[in-house]
$ cat coords_26.cif   # mmCIF, C-alpha atoms and all ligand atoms
data_upload
#
loop_
_atom_site.label_atom_id
_atom_site.label_comp_id
_atom_site.auth_asym_id
_atom_site.auth_seq_id
_atom_site.Cartn_x
_atom_site.Cartn_y
_atom_site.Cartn_z
CA MET A 19 59.66 109.35 -118.12
CA LYS A 20 55.98 109.01 -117.27
CA VAL A 21 54.37 112.16 -115.84
CA ALA A 22 50.89 112.27 -114.30
CA PHE A 23 49.41 115.55 -115.55
CA TYR A 24 46.59 116.62 -113.22
CA SER A 25 43.83 119.19 -113.89
CA ALA A 26 44.52 118.86 -117.62
CA LYS A 27 42.55 121.13 -119.96
CA GLU A 28 42.28 120.92 -123.73
CA TYR A 29 44.83 123.73 -124.15
CA ASP A 30 47.26 121.87 -121.87
CA LYS A 31 46.89 118.69 -123.91
CA GLU A 32 47.54 120.63 -127.10
CA LEU A 33 50.59 122.49 -125.86
CA PHE A 34 52.20 119.79 -123.75
CA GLY A 35 51.04 117.02 -126.10
CA GLU A 36 53.39 118.46 -128.74
CA GLN A 37 56.27 117.50 -126.45
CA GLU A 38 55.18 113.89 -126.26
CA GLY A 39 58.11 111.62 -127.02
CA GLU A 40 60.34 113.41 -124.60
CA TYR A 41 57.81 112.73 -121.84
CA ASP A 42 54.95 110.33 -121.58
CA PHE A 43 52.20 112.56 -120.19
CA LEU A 44 49.23 110.88 -118.56
CA PHE A 45 46.61 113.64 -118.94
CA LEU A 46 44.05 113.54 -116.14
CA LYS A 47 41.03 115.83 -115.92
CA ASP A 48 40.87 115.36 -112.15
CA HIS A 49 42.47 117.62 -109.61
CA LEU A 50 45.17 116.00 -107.50
CA GLY A 51 43.85 115.07 -104.08
CA GLU A 52 43.68 112.14 -101.71
CA GLU A 53 41.26 110.24 -103.94
CA THR A 54 43.23 110.77 -107.14
CA ALA A 55 46.84 110.43 -105.97
CA ALA A 56 46.78 106.70 -106.79
CA LEU A 57 46.37 107.56 -110.49
CA ALA A 58 50.04 108.58 -110.50
CA GLN A 59 51.07 104.94 -109.99
CA GLY A 60 54.16 104.29 -112.11
CA CYS A 61 54.90 108.00 -112.74
CA ARG A 62 58.14 109.56 -111.47
CA ALA A 63 56.69 113.05 -111.63
CA VAL A 64 53.36 114.82 -111.32
CA CYS A 65 52.58 118.02 -113.17
CA VAL A 66 50.07 120.14 -111.25
CA PHE A 67 48.28 123.49 -111.21
CA VAL A 68 47.02 126.03 -108.66
CA ASN A 69 44.08 124.10 -107.27
CA ASP A 70 45.72 120.72 -106.91
CA ASP A 71 46.15 119.57 -103.34
CA LEU A 72 49.72 118.78 -102.33
CA SER A 73 49.19 118.45 -98.61
CA ARG A 74 51.29 116.07 -96.52
CA GLU A 75 48.79 113.22 -96.88
CA VAL A 76 48.69 113.55 -100.65
CA LEU A 77 52.48 113.84 -100.93
CA GLU A 78 52.89 110.72 -98.78
CA HIS A 79 50.52 108.87 -101.07
CA LEU A 80 52.38 110.10 -104.15
CA ARG A 81 55.70 108.98 -102.69
CA GLN A 82 54.27 105.51 -102.02
CA VAL A 83 53.31 105.12 -105.69
CA GLY A 84 56.79 106.17 -106.87
CA VAL A 85 56.58 109.94 -107.42
CA GLU A 86 59.84 111.83 -106.84
CA MET A 87 59.08 115.19 -108.38
CA VAL A 88 56.32 117.80 -108.43
CA ALA A 89 56.38 120.12 -111.45
CA LEU A 90 54.09 123.08 -110.76
CA ARG A 91 52.68 124.79 -113.86
CA CYS A 92 52.30 128.02 -111.89
CA ALA A 93 54.26 130.55 -109.84
CA GLY A 94 52.40 130.24 -106.52
CA PHE A 95 53.17 127.23 -104.34
CA ASN A 96 50.90 127.84 -101.35
CA ASN A 97 49.10 124.57 -102.16
CA VAL A 98 52.27 122.51 -101.49
CA ASP A 99 53.43 121.36 -98.05
CA LEU A 100 57.10 122.05 -98.73
CA VAL A 101 58.26 120.71 -95.36
CA ALA A 102 56.56 117.38 -96.04
CA ALA A 103 57.95 117.30 -99.59
CA ALA A 104 61.50 117.78 -98.28
CA GLU A 105 61.05 115.08 -95.64
CA LEU A 106 59.75 112.67 -98.27
CA GLY A 107 62.59 113.51 -100.69
CA ILE A 108 60.20 114.93 -103.31
CA VAL A 109 61.68 117.70 -105.43
CA VAL A 110 59.34 120.63 -106.12
CA ALA A 111 59.86 123.07 -108.98
CA ARG A 112 57.66 125.90 -110.21
CA VAL A 113 57.39 128.37 -113.06
CA PRO A 114 58.53 131.56 -111.34
CA ALA A 115 57.85 133.85 -114.27
CA TYR A 116 55.73 133.61 -117.38
CA SER A 117 54.70 136.89 -118.84
CA PRO A 118 54.05 138.84 -115.65
CA HIS A 119 52.35 141.26 -118.04
CA ALA A 120 49.50 138.78 -118.53
CA VAL A 121 48.38 139.08 -114.90
CA ALA A 122 49.20 142.78 -114.55
CA GLU A 123 47.24 143.61 -117.70
CA HIS A 124 44.29 141.53 -116.50
CA ALA A 125 44.29 143.47 -113.21
CA VAL A 126 44.13 146.69 -115.23
CA ALA A 127 41.38 145.26 -117.45
CA MET A 128 39.33 144.49 -114.34
CA LEU A 129 39.93 147.95 -112.92
CA LEU A 130 38.85 149.65 -116.14
CA THR A 131 35.82 147.41 -116.52
CA LEU A 132 34.58 148.15 -113.02
CA ASN A 133 35.34 151.84 -113.24
CA ARG A 134 33.86 152.52 -116.69
CA LYS A 135 31.26 149.74 -116.36
CA THR A 136 31.90 148.40 -119.84
CA HIS A 137 30.43 145.02 -118.78
CA ARG A 138 27.10 146.73 -118.09
CA ALA A 139 27.29 149.02 -121.11
CA TYR A 140 27.90 146.03 -123.38
CA ASN A 141 24.67 144.37 -122.28
CA ARG A 142 22.64 147.57 -122.37
CA VAL A 143 23.70 148.58 -125.86
CA ARG A 144 23.00 145.10 -127.23
CA GLU A 145 19.43 145.55 -126.09
CA GLY A 146 19.17 148.95 -127.75
CA ASN A 147 19.46 150.80 -124.43
CA PHE A 148 21.80 153.76 -124.80
CA GLU A 149 20.95 155.26 -121.39
CA LEU A 150 24.00 156.50 -119.42
CA ASN A 151 22.46 156.53 -115.94
CA GLY A 152 24.49 154.32 -113.61
CA LEU A 153 27.52 154.19 -115.89
CA MET A 154 29.48 157.13 -114.45
CA GLY A 155 33.13 156.29 -113.76
CA PHE A 156 36.10 158.23 -112.42
CA ASP A 157 39.34 159.50 -113.96
CA LEU A 158 42.36 157.41 -113.06
CA VAL A 159 44.79 160.28 -113.50
CA GLY A 160 45.80 161.69 -110.13
CA LYS A 161 44.42 158.75 -108.13
CA THR A 162 46.55 156.98 -105.52
CA VAL A 163 47.17 153.32 -106.30
CA GLY A 164 48.51 151.02 -103.59
CA VAL A 165 50.30 147.86 -104.65
CA PHE A 166 51.00 144.99 -102.28
CA GLY A 167 53.97 143.02 -103.63
CA SER A 168 56.42 144.55 -106.06
CA GLY A 169 57.71 141.38 -107.66
CA LYS A 170 57.48 140.70 -111.36
CA ILE A 171 53.70 141.14 -111.66
CA GLY A 172 53.43 143.98 -109.16
CA LEU A 173 56.13 145.98 -110.97
CA ALA A 174 54.48 145.45 -114.36
CA PHE A 175 51.23 146.73 -112.80
CA CYS A 176 52.99 149.74 -111.20
CA LYS A 177 54.47 150.73 -114.56
CA ILE A 178 51.05 150.69 -116.25
CA MET A 179 49.42 152.69 -113.45
CA ARG A 180 52.19 155.26 -113.55
CA GLY A 181 51.44 155.56 -117.26
CA PHE A 182 47.86 156.46 -116.35
CA GLY A 183 49.21 159.33 -114.25
CA CYS A 184 48.50 157.73 -110.87
CA GLU A 185 50.59 158.12 -107.74
CA VAL A 186 51.88 154.62 -106.98
CA LEU A 187 52.47 153.42 -103.40
CA VAL A 188 54.24 150.11 -102.90
CA CYS A 189 54.30 147.89 -99.82
CA ASP A 190 56.83 145.06 -99.94
CA PRO A 191 59.09 143.82 -97.11
CA PHE A 192 61.78 142.92 -99.68
CA PRO A 193 61.64 145.63 -102.34
CA SER A 194 63.91 145.23 -105.33
CA ALA A 195 66.04 148.08 -106.65
CA GLU A 196 63.41 148.64 -109.35
CA ALA A 197 60.63 148.84 -106.75
CA LYS A 198 62.47 151.66 -104.98
CA GLN A 199 61.60 154.07 -107.80
CA TYR A 200 58.05 154.01 -106.43
CA HIS A 201 56.91 155.41 -103.12
CA LEU A 202 57.60 152.63 -100.58
CA VAL A 203 55.22 152.68 -97.64
CA GLU A 204 54.19 150.57 -94.66
CA LYS A 205 50.91 148.75 -95.05
CA GLU A 206 49.04 151.14 -92.71
CA GLU A 207 49.81 154.06 -95.01
CA LEU A 208 48.83 152.03 -98.05
CA PHE A 209 45.47 151.09 -96.49
CA GLU A 210 44.72 154.68 -95.50
CA ARG A 211 45.81 156.54 -98.64
CA SER A 212 44.90 154.32 -101.57
CA ASP A 213 41.93 154.96 -103.83
CA ILE A 214 42.74 151.72 -105.62
CA VAL A 215 44.59 148.69 -104.22
CA SER A 216 45.96 145.79 -106.24
CA LEU A 217 47.26 142.62 -104.59
CA HIS A 218 50.39 141.03 -106.07
CA CYS A 219 51.99 139.44 -103.01
CA PRO A 220 52.09 135.70 -102.34
CA LEU A 221 49.67 134.02 -99.98
CA LEU A 222 51.63 133.40 -96.80
CA GLU A 223 50.69 133.14 -93.15
CA GLU A 224 51.31 136.88 -92.74
CA THR A 225 49.32 137.82 -95.85
CA HIS A 226 46.36 135.50 -95.21
CA HIS A 227 43.26 137.73 -94.98
CA LEU A 228 45.41 140.81 -95.49
CA TYR A 229 42.04 142.38 -96.19
CA ASP A 230 39.59 141.56 -93.41
CA GLU A 231 37.08 143.48 -91.32
CA ALA A 232 39.77 145.56 -89.59
CA THR A 233 41.71 146.49 -92.71
CA PHE A 234 38.56 147.29 -94.67
CA ALA A 235 37.63 149.67 -91.86
CA ARG A 236 41.01 151.41 -92.14
CA SER A 237 40.77 151.82 -95.90
CA LYS A 238 39.51 154.86 -97.76
CA ARG A 239 35.73 154.84 -98.03
CA GLY A 240 34.63 153.67 -101.46
CA PHE A 241 38.05 152.37 -102.47
CA THR A 242 38.61 149.83 -105.24
CA LEU A 243 40.20 146.47 -104.46
CA ILE A 244 41.66 144.29 -107.21
CA ASN A 245 42.75 140.78 -106.28
CA THR A 246 44.59 138.79 -108.92
CA GLY A 247 46.99 137.33 -106.32
CA ARG A 248 45.40 134.53 -104.33
CA GLY A 249 41.88 134.22 -102.92
CA GLY A 250 43.10 133.84 -99.34
CA LEU A 251 44.46 137.39 -99.33
CA VAL A 252 40.89 138.64 -98.89
CA ASN A 253 38.30 137.55 -96.35
CA ALA A 254 35.34 137.26 -98.71
CA LYS A 255 32.68 137.34 -95.96
CA ALA A 256 34.16 140.58 -94.61
CA ALA A 257 34.24 141.91 -98.18
CA ILE A 258 30.49 141.34 -98.48
CA GLU A 259 29.85 143.42 -95.36
CA ALA A 260 32.22 146.15 -96.60
CA LEU A 261 30.42 146.18 -99.96
CA LYS A 262 27.03 146.43 -98.26
CA SER A 263 28.17 149.39 -96.18
CA GLY A 264 29.82 151.13 -99.13
CA GLN A 265 33.29 150.88 -97.57
CA ILE A 266 34.40 149.02 -100.69
CA GLY A 267 33.40 150.93 -103.81
CA TYR A 268 34.44 148.29 -106.31
CA LEU A 269 35.81 144.78 -105.96
CA ALA A 270 37.53 142.73 -108.65
CA MET A 271 38.40 139.12 -107.97
CA ASP A 272 40.24 136.86 -110.35
CA VAL A 273 40.85 134.51 -107.44
CA TYR A 274 38.66 133.33 -104.57
CA GLU A 275 39.61 131.51 -101.40
CA GLU A 276 37.20 128.65 -102.06
CA GLU A 277 37.73 128.62 -105.84
CA LYS A 278 39.01 125.06 -105.84
CA ASP A 279 35.54 123.50 -106.13
CA TYR A 280 34.35 125.77 -108.93
CA PHE A 281 36.97 127.59 -110.97
CA PHE A 282 38.32 126.17 -114.23
CA ASP A 283 35.19 124.05 -114.75
CA ASP A 284 31.80 124.65 -116.38
CA GLN A 285 29.36 124.88 -113.47
CA SER A 286 26.52 126.37 -115.51
CA SER A 287 24.25 123.31 -115.30
CA GLY A 288 24.72 122.65 -111.60
CA ILE A 289 23.72 124.37 -108.39
CA ILE A 290 26.51 126.39 -106.87
CA GLN A 291 26.46 125.68 -103.16
CA ASP A 292 28.85 128.42 -102.12
CA ASP A 293 26.60 131.19 -100.76
CA VAL A 294 29.48 133.62 -100.29
CA LEU A 295 30.47 133.36 -103.93
CA MET A 296 26.83 133.65 -105.03
CA ARG A 297 26.26 136.73 -102.86
CA LEU A 298 29.39 138.35 -104.29
CA MET A 299 28.08 137.76 -107.79
CA THR A 300 24.92 139.74 -107.05
CA PHE A 301 26.70 143.08 -106.49
CA PRO A 302 26.76 145.35 -109.54
CA ASN A 303 30.14 146.71 -108.40
CA VAL A 304 31.85 143.31 -108.14
CA LEU A 305 33.61 141.69 -111.06
CA ILE A 306 34.66 138.07 -110.81
CA THR A 307 36.75 136.19 -113.37
CA GLY A 308 37.72 132.56 -113.01
CA HIS A 309 41.48 132.79 -112.40
CA GLN A 310 42.28 133.82 -115.96
CA GLY A 311 44.97 136.40 -115.24
CA PHE A 312 47.71 134.11 -116.55
CA PHE A 313 45.75 133.07 -119.62
CA THR A 314 47.52 134.58 -122.60
CA LYS A 315 49.29 132.86 -125.47
CA GLU A 316 52.65 134.23 -124.39
CA ALA A 317 52.21 133.17 -120.78
CA LEU A 318 51.15 129.63 -121.71
CA GLU A 319 54.15 129.24 -124.00
CA GLY A 320 56.37 130.38 -121.12
CA ILE A 321 54.72 127.88 -118.76
CA VAL A 322 55.34 124.98 -121.15
CA GLU A 323 58.96 125.99 -121.69
CA THR A 324 59.86 126.32 -118.00
CA THR A 325 57.92 123.21 -116.93
CA LEU A 326 59.82 121.15 -119.51
CA GLU A 327 63.10 122.70 -118.37
CA ASN A 328 62.25 121.68 -114.79
CA LEU A 329 61.38 118.12 -115.82
CA ARG A 330 64.59 117.91 -117.86
CA SER A 331 66.76 119.13 -114.96
CA PHE A 332 65.16 116.47 -112.81
CA THR A 333 65.71 113.62 -115.26
CA LEU A 334 69.23 114.71 -116.20
CA GLY A 335 70.17 115.49 -112.61
CA GLY A 336 71.35 119.00 -113.48
CA GLU A 337 70.90 122.19 -111.52
CA MET A 338 67.23 122.73 -110.70
CA ARG A 339 66.95 126.49 -111.32
CA HIS A 340 63.35 126.78 -110.27
CA ALA A 341 63.25 124.49 -107.25
CA VAL A 342 61.19 125.66 -104.28
CA SER A 343 61.93 124.58 -100.75
CA ALA A 344 60.60 125.33 -97.31
CA ASP A 345 63.63 127.45 -96.41
CA ALA A 346 63.75 129.39 -99.71
P1 LIG B 1 57.13 137.49 -107.16
O1 LIG B 1 57.71 136.41 -106.31
O2 LIG B 1 57.93 138.01 -108.31
O3 LIG B 1 56.75 138.75 -106.25
C1 LIG B 1 56.09 138.66 -105.04
C2 LIG B 1 56.47 139.92 -104.24
O4 LIG B 1 55.68 139.94 -103.06
C3 LIG B 1 57.95 139.92 -103.82
O5 LIG B 1 58.56 141.15 -104.18
C4 LIG B 1 57.87 139.77 -102.30
O6 LIG B 1 58.93 140.43 -101.63
C5 LIG B 1 56.52 140.41 -102.02
N1 LIG B 1 55.99 140.06 -100.71
C6 LIG B 1 56.25 139.00 -99.92
N2 LIG B 1 55.58 139.10 -98.75
C7 LIG B 1 54.89 140.27 -98.80
C8 LIG B 1 54.04 140.94 -97.89
N3 LIG B 1 53.77 140.43 -96.67
N4 LIG B 1 53.50 142.12 -98.27
C9 LIG B 1 53.78 142.66 -99.47
N5 LIG B 1 54.60 142.07 -100.37
C10 LIG B 1 55.13 140.88 -100.04
O7 LIG B 1 55.72 136.95 -107.64
P2 LIG B 1 54.89 137.37 -108.93
O8 LIG B 1 55.29 136.55 -110.08
O9 LIG B 1 54.90 138.84 -109.06
O10 LIG B 1 53.42 136.86 -108.50
C11 LIG B 1 52.71 137.46 -107.44
C12 LIG B 1 51.52 136.61 -107.07
O11 LIG B 1 50.58 136.63 -108.15
C13 LIG B 1 51.84 135.09 -106.91
O12 LIG B 1 52.26 134.80 -105.59
C14 LIG B 1 50.53 134.45 -107.23
O13 LIG B 1 49.83 134.27 -106.02
C15 LIG B 1 49.81 135.45 -108.10
N6 LIG B 1 49.58 134.97 -109.47
C16 LIG B 1 48.30 135.01 -109.98
C17 LIG B 1 48.06 134.57 -111.27
C18 LIG B 1 46.68 134.65 -111.88
O14 LIG B 1 46.45 134.03 -112.93
N7 LIG B 1 45.73 135.36 -111.31
C19 LIG B 1 49.13 134.03 -112.10
C20 LIG B 1 50.43 134.12 -111.48
C21 LIG B 1 50.63 134.54 -110.22
#

$ encode --input "coords_26.cif" --output "structure tokens"
Amino acid sequence: MKVAFYSAKEYDKELFGEQEGEYDFLFLKDHLGEETAALAQGCRAVCVFVNDDLSREVLEHLRQVGVEMVALRCAGFNNVDLVAAAELGIVVARVPAYSPHAVAEHAVAMLLTLNRKTHRAYNRVREGNFELNGLMGFDLVGKTVGVFGSGKIGLAFCKIMRGFGCEVLVCDPFPSAEAKQYHLVEKEELFERSDIVSLHCPLLEETHHLYDEATFARSKRGFTLINTGRGGLVNAKAAIEALKSGQIGYLAMDVYEEEKDYFFDDQSSGIIQDDVLMRLMTFPNVLITGHQGFFTKEALEGIVETTLENLRSFTLGGEMRHAVSADA
């Protein structure tokens, strides 16, 4: 079966290329969008990532060129119009879990970097500057950590933070049995009590701009916000104002609402036009990484395995364990 593989990187080609024979992957550097959907001509499936566009128009185009299946190489599916996919008879499957520890550990890495300012210390020491001014951090032990979303990644994060001796508050409308061992709270309490907040919930209508002007105002002054979930969970313009006023003490972003045009590509020779992103990069207490939370060896191996399982279920007509649908 021929599969159009969008947003392909060298590591994708290496890992998925090993499976060639079973599937005929057409590796495409381009993101999937209205202009590139035609490249899937003759493919029964497309294999896509977080910043590919699977809006109704694109799905309609894909259907016209013969595509019957979308294999997401990620957990989140906010970039897919699931209603349109169902109407067009396109099956959508994702990779629900692939080392949740990869993302949870990256969230912790970002927290520790911002707190202990190792990114700044690294540069200073390399220049022979051993001055400590400006590098003061805070102890994590005893701090209150609020976690939005206690799914696989959120729980892995909670466990680590508990290990640091933090009090962990969890806000999740559908908490699992495991999540109930933590202190479950409503979001108002989480906003008001947390010294550190980490976002691990999906981007949905009700979580879009979960952090905006109003919620920043209700948060503890000088709190730390870590977003490894999805960019749209935070209103970045409001975050800039909250950073300027000191309402946010530290901000870590592995994801950004407008990341689609920049992340995953080398932009170092061009002019970045996004003034919000550029302003965020000027703050000494903001750490931005380019959506690399998932990027560990173990996670990538898990992604390959589950994506192939999804493609196999589609071709063999078996049970599609990881299908996503609008009413799921
Ligand atoms: P999951 O599906 O296991 O857990 C999501 C949890 O969020 C569930 O327990 C759900 O009940 C909860 N939730 C739903 N609505 C909520 C709300 N309004 N408020 C609070 N909680 C809510 O998902 P998983 O695997 O833990 O992933 C979480 C998110 O992390 C994904 O949706 C994705 O956006 C992001 N992600 C980021 C990656 C990165 O590289 N930075 C990689 C993988 C996922």

$ closest_residue --input "coords_26.cif" --among "A:Pro193, A:Gly35, A:Gly155, A:Pro302" --to "ligand LIG 1 (chain B)" --atoms "only C-alpha atoms and all ligand atoms"
A:Pro193

$ axis_aligned_box --input "coords_26.cif" --around "ligand LIG 1 (chain B)" --padding-each-side "8 Å" --output "AutoDock Vina command-line options"
--center_x 52.3 --center_y 138.3 --center_z -104.8 --size_x 29.2 --size_y 24.6 --size_z 32.3

$ closest_atom_pairs --input "coords_26.cif" --of "chain A" --to "ligand LIG 1 (chain B)" --cutoff "6 Å" --atoms "all atoms listed in the file" --output "Markdown table"
| residue | atom | partner | partner_atom | distance |
| --- | --- | --- | --- | --- |
| A:Ala93 | CA | B:LIG1 | C21 | 5.4 |
| A:Gly94 | CA | B:LIG1 | O12 | 4.7 |
| A:Ala115 | CA | B:LIG1 | O8 | 5.6 |
| A:Val121 | CA | B:LIG1 | C18 | 5.6 |
| A:Phe166 | CA | B:LIG1 | C9 | 4.6 |
| A:Gly167 | CA | B:LIG1 | N5 | 3.5 |
| A:Ser168 | CA | B:LIG1 | O5 | 4.4 |
| A:Gly169 | CA | B:LIG1 | O3 | 3.1 |
| A:Lys170 | CA | B:LIG1 | O9 | 3.9 |
| A:Ile171 | CA | B:LIG1 | O9 | 3.7 |
| A:Gly172 | CA | B:LIG1 | O9 | 5.3 |
| A:Cys189 | CA | B:LIG1 | C9 | 5.3 |
| A:Asp190 | CA | B:LIG1 | N5 | 3.8 |
| A:Pro191 | CA | B:LIG1 | O6 | 5.7 |
| A:Phe192 | CA | B:LIG1 | O6 | 4.3 |
| A:Pro193 | CA | B:LIG1 | O5 | 5.7 |
| A:His218 | CA | B:LIG1 | C11 | 4.5 |
| A:Cys219 | CA | B:LIG1 | O4 | 3.7 |
| A:Pro220 | CA | B:LIG1 | O12 | 3.4 |
| A:Glu224 | CA | B:LIG1 | N3 | 5.8 |
| A:Thr225 | CA | B:LIG1 | N3 | 5.2 |
| A:Thr246 | CA | B:LIG1 | N7 | 4.3 |
| A:Gly247 | CA | B:LIG1 | C15 | 3.8 |
| A:Arg248 | CA | B:LIG1 | O13 | 4.7 |
| A:Asp272 | CA | B:LIG1 | N7 | 5.8 |
| A:His309 | CA | B:LIG1 | N7 | 5.1 |
| A:Gln310 | CA | B:LIG1 | O14 | 5.2 |
| A:Gly311 | CA | B:LIG1 | O14 | 3.6 |
| A:Phe312 | CA | B:LIG1 | O14 | 3.8 |

$ atom_distance --input "coords_26.cif" --atom1 "CA of Ala317 (chain A)" --atom2 "CA of Arg112 (chain A)"
13.9 Å

$ atom_distance --input "coords_26.cif" --atom1 "CA of Phe148 (chain A)" --atom2 "CA of Asn303 (chain A)"
19.7 Å

$ closest_residue --input "coords_26.cif" --among "A:Ala195, A:Val126, A:Met19, A:Leu158" --to "Phe175 (chain A)" --atoms "all atoms listed in the file"
A:Val126

$ atom_distance --input "coords_26.cif" --atom1 "CA of Ala174 (chain A)" --atom2 "CA of Val188 (chain A)"
12.4 Å

$ residues_near_point --input "coords_26.cif" --point "(54.0, 116.4, -100.8)" --cutoff "6 Å" --atoms "only C-alpha atoms" --output "ChimeraX atom specification"
/A:72-74,77,99,102-103

$ residues_around --input "coords_26.cif" --residues "region 255-268 of chain A" --least-positions-apart "6" --cutoff "8 Å" --atoms "only C-alpha atoms" --output "ChimeraX atom specification"
/A:132-133,230-231,234-235,237-243,294,297-298,303-304
